[in-house]
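J.: Take a look at the following structure, please.
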Amino acid sequence: MGRNNGKILSTLASRLTATVSVTMVLLLLALTGSIGIATRELVKEVKEELGFVILMNGEATEGDVNSIKQKIGQMPCMSSYTYSSPAEIEERWISMTGADSTERAMLTSMESSPFLPEFDVHVKSDYLEPDSLAKIIPGIEKLPGVESVTAHTAMIDDIGTATSRVMIVLLIVAAVLLLISFVLINNTVRLSVYAKRFIINTMSLVGATDSFIRRPFLVSASFTGLISGLTADLIYVLLLLYLPYADPEIAKLLEWSDTWPILAGLPVTGVVICAFAAYWATNRYLRRSYNDLFK
């Protein structure tokens, strides 16, 4: 009786260890995915603050300005735009440079303002690629009253390069976590299979098929993976609910609509990893002879 209780406790402890280990790895995977989502949304927000600046010439009329407003307002790539008149740009320059009264008097005495009106156009992130802007800008440069169009292509390229590097690092981290998860569950399943290797050999000798022998190990491992995935989901949801109180800015980047693939994927990932590990470990003993079982 005591020996049976000891086996039961040992089995429960082994399964609990496997469940906790896989849960923690799946949770780390979820956090890695969240970092990727937050990075993507942050880059999207930053990119949509960029775009191009339309500088009008000194001969631009009010009709030219209104024509450009209408033109860029109809562009599908446009997220928003800001028009600044010469007077507004002058006030901005005075505020930024701290111009003294003499400099202000000089500006007032001029017959025409040295500042030119301009449009600061913000483009949707999907269009913020050098190739896309290269197709948009030439058409704007030909409009009446336009002096020049300057795009923030260098900054866009830098952001794109930095984003690609971050995503590559996150993919590597996710791959390493998946490998760790597989090794953990594989070692746990191997111990379970090793303890029953003689039973497996006997079943093979009496004609049991490989699939019949594997089935209980696959079911047990899949159940462990499912419980681990659901537990990781629960912890992840609690973290998301707490995030607005801890850091509202980051919470804005993680909408529920973006995180549901992670919530759905954790149980699936847990089941797949655990089932594959069980399949791998069971196959080690299906083709071994009786003498090899002692090694």
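Following the order of the structure tokens, first chain is A, next is B, and so on, with residues numbered from 1 inside each chain and ligands from 1 in the order they appear.
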Using only C-alpha atoms, find each residue of region 123-229 of chain A with at least one atom at most 8 Å away from an atom of region 32-44 of chain A; report its shortest atom-to-atom pair and that distance in Å (one decimal), sort the rows by chain and rising residue number, and return the result as CSV.
T.:
residue,atom,partner,partner_atom,distance
A:Ser125,CA,A:Lys44,CA,5.7
A:Ile159,CA,A:Val43,CA,7.4
A:Thr163,CA,A:Val43,CA,7.4
A:Met167,CA,A:Gly36,CA,6.7
A:Leu170,CA,A:Thr32,CA,6.5
A:Val173,CA,A:Thr32,CA,7.6
A:Ala174,CA,A:Thr32,CA,6.8
J.: Which residues are near Met56 (chain A)? Cut-off 12 Å, only C-alpha atoms, ignore same chain within fewer than 2 positions. Put them as JSON, numbers by chain.
T.: {"A": [53, 54, 58, 59, 60, 61, 62, 64, 65, 66, 68, 83, 84, 85, 86, 115, 116, 117, 118, 119, 120, 140, 141, 142, 143, 144, 145, 146, 147, 148, 149, 150]}
J.: Can you list, as a PyMOL selection string, all residues belonging to region 146-189 of chain A that DSSP tags as alpha helix (DSSP H)?
T.: chain A and resi 153-189
J.: Which residues, written as a CSV table (one decimal) with N, CA and C atoms, in the first residue's frame, have at least one atom at most 9 Å from Arg190 (chain A), with only C-alpha atoms counted and residues fewer than 2 positions away on the same chain left out?
T.:
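Output below, filename around_35.csv:
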chain,number,residue,atom,x,y,z
A,185,ILE,N,9.9,19.0,-21.4
A,185,ILE,CA,8.8,18.0,-21.5
A,185,ILE,C,9.4,16.7,-22.0
A,186,ASN,N,10.4,16.7,-22.9
A,186,ASN,CA,11.0,15.5,-23.4
A,186,ASN,C,11.7,14.7,-22.3
A,187,ASN,N,12.4,15.4,-21.4
A,187,ASN,CA,13.1,14.7,-20.3
A,187,ASN,C,12.1,14.1,-19.3
A,188,THR,N,11.0,14.9,-19.1
A,188,THR,CA,10.0,14.4,-18.2
A,188,THR,C,9.3,13.1,-18.7
A,192,SER,N,9.1,9.0,-17.6
A,192,SER,CA,7.9,8.2,-17.5
A,192,SER,C,7.9,6.9,-18.4
A,193,VAL,N,8.4,7.1,-19.6
A,193,VAL,CA,8.5,6.0,-20.5
A,193,VAL,C,9.5,5.0,-20.1
A,194,TYR,N,10.6,5.5,-19.6
A,194,TYR,CA,11.7,4.6,-19.1
A,194,TYR,C,11.2,3.7,-18.0
A,195,ALA,N,10.4,4.2,-17.1
A,195,ALA,CA,9.9,3.4,-16.0
A,195,ALA,C,9.0,2.3,-16.5
A,277,ALA,N,6.9,15.5,-28.0
A,277,ALA,CA,7.9,15.0,-27.1
A,277,ALA,C,7.6,13.6,-26.7
A,278,ALA,N,6.3,13.3,-26.4
A,278,ALA,CA,5.9,12.0,-26.0
A,278,ALA,C,6.1,11.0,-27.1
A,280,TRP,N,8.3,11.3,-29.6
A,280,TRP,CA,9.8,11.1,-29.7
A,280,TRP,C,10.3,10.2,-28.6
A,281,ALA,N,9.9,10.4,-27.4
A,281,ALA,CA,10.4,9.5,-26.3
A,281,ALA,C,10.0,8.1,-26.4
A,282,THR,N,8.7,7.9,-26.8
A,282,THR,CA,8.2,6.5,-26.8
A,282,THR,C,8.8,5.7,-27.9
A,284,ARG,N,11.8,5.6,-28.8
A,284,ARG,CA,13.1,5.2,-28.4
A,284,ARG,C,13.1,3.7,-27.9
J.: Quick one: pick out all strand (DSSP E) residues within region 51-231 of chain A from a backbone DSSP run and write them as a list in words.
T.: Gly51, Phe52, Val53, Ile54, Leu55, Met56, Met78, Ser79, Ser80, Tyr81, Thr82, Tyr83, Ser84, Glu118, Phe119, Asp120, Val121, His122, Val123, Val146, Glu147, Ser148, Val149, Thr150 and Ala151 of chain A
J.: Could you write out that same residue set with C-alpha atoms as a PDB file, in the first residue's frame?
T.:
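To be explicit, this is the file written out as selection-v2.pdb:
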ATOM      1  CA  GLY A  51       5.675  61.694 -43.835  1.00  0.00           C
ATOM      2  CA  PHE A  52       6.692  64.710 -45.908  1.00  0.00           C
ATOM      3  CA  VAL A  53       6.661  68.504 -45.829  1.00  0.00           C
ATOM      4  CA  ILE A  54       5.244  70.565 -48.703  1.00  0.00           C
ATOM      5  CA  LEU A  55       6.910  73.980 -48.877  1.00  0.00           C
ATOM      6  CA  MET A  56       4.951  76.570 -50.859  1.00  0.00           C
ATOM      7  CA  MET A  78      -2.807  60.505 -45.967  1.00  0.00           C
ATOM      8  CA  SER A  79      -3.351  60.056 -42.232  1.00  0.00           C
ATOM      9  CA  SER A  80      -3.542  63.765 -41.320  1.00  0.00           C
ATOM     10  CA  TYR A  81      -1.964  67.076 -42.245  1.00  0.00           C
ATOM     11  CA  THR A  82      -1.232  70.451 -40.681  1.00  0.00           C
ATOM     12  CA  TYR A  83      -1.123  73.721 -42.608  1.00  0.00           C
ATOM     13  CA  SER A  84       1.036  76.519 -41.247  1.00  0.00           C
ATOM     14  CA  GLU A 118       3.961  74.771 -45.571  1.00  0.00           C
ATOM     15  CA  PHE A 119       2.025  71.556 -45.128  1.00  0.00           C
ATOM     16  CA  ASP A 120       3.216  68.897 -42.704  1.00  0.00           C
ATOM     17  CA  VAL A 121       1.640  65.711 -44.077  1.00  0.00           C
ATOM     18  CA  HIS A 122       1.448  62.548 -41.957  1.00  0.00           C
ATOM     19  CA  VAL A 123       1.216  59.349 -43.982  1.00  0.00           C
ATOM     20  CA  VAL A 146       4.660  74.168 -54.619  1.00  0.00           C
ATOM     21  CA  GLU A 147       8.316  75.058 -54.059  1.00  0.00           C
ATOM     22  CA  SER A 148       9.601  71.680 -52.850  1.00  0.00           C
ATOM     23  CA  VAL A 149       8.581  68.471 -51.103  1.00  0.00           C
ATOM     24  CA  THR A 150      10.861  66.957 -48.470  1.00  0.00           C
ATOM     25  CA  ALA A 151      10.305  63.403 -47.235  1.00  0.00           C
TER      26      ALA A 151
END
J.: Give me the residues near region 17-21 of chain A as a list in words, where near means some atom within 8 Å (using only C-alpha atoms) and where sequence neighbours in that chain fewer than 3 positions away do not count.
T.: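 My reading of the contact set: Ala13, Ser14, Met24, Val25, Ser181, Leu184, Ile185, Thr188, Thr224, Gly225, Ile227 and Ser228 of chain A.
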J.: For those residues, write C-alpha atoms to a file as a PDB file, in the first residue's frame.
T.:
ATOM      1  CA  ALA A  13       5.036  15.227  -8.601  1.00  0.00           C
ATOM      2  CA  SER A  14       6.537  14.442 -12.009  1.00  0.00           C
ATOM      3  CA  MET A  24       6.390  29.036 -17.423  1.00  0.00           C
ATOM      4  CA  VAL A  25       7.924  28.547 -20.866  1.00  0.00           C
ATOM      5  CA  SER A 181      10.083  23.751 -23.594  1.00  0.00           C
ATOM      6  CA  LEU A 184      11.896  19.983 -20.478  1.00  0.00           C
ATOM      7  CA  ILE A 185       8.843  17.982 -21.463  1.00  0.00           C
ATOM      8  CA  THR A 188       9.952  14.353 -18.156  1.00  0.00           C
ATOM      9  CA  THR A 224      -0.337  18.117 -19.576  1.00  0.00           C
ATOM     10  CA  GLY A 225       0.232  20.508 -22.477  1.00  0.00           C
ATOM     11  CA  ILE A 227      -3.454  22.296 -18.744  1.00  0.00           C
ATOM     12  CA  SER A 228      -0.157  24.168 -19.070  1.00  0.00           C
TER      13      SER A 228
END
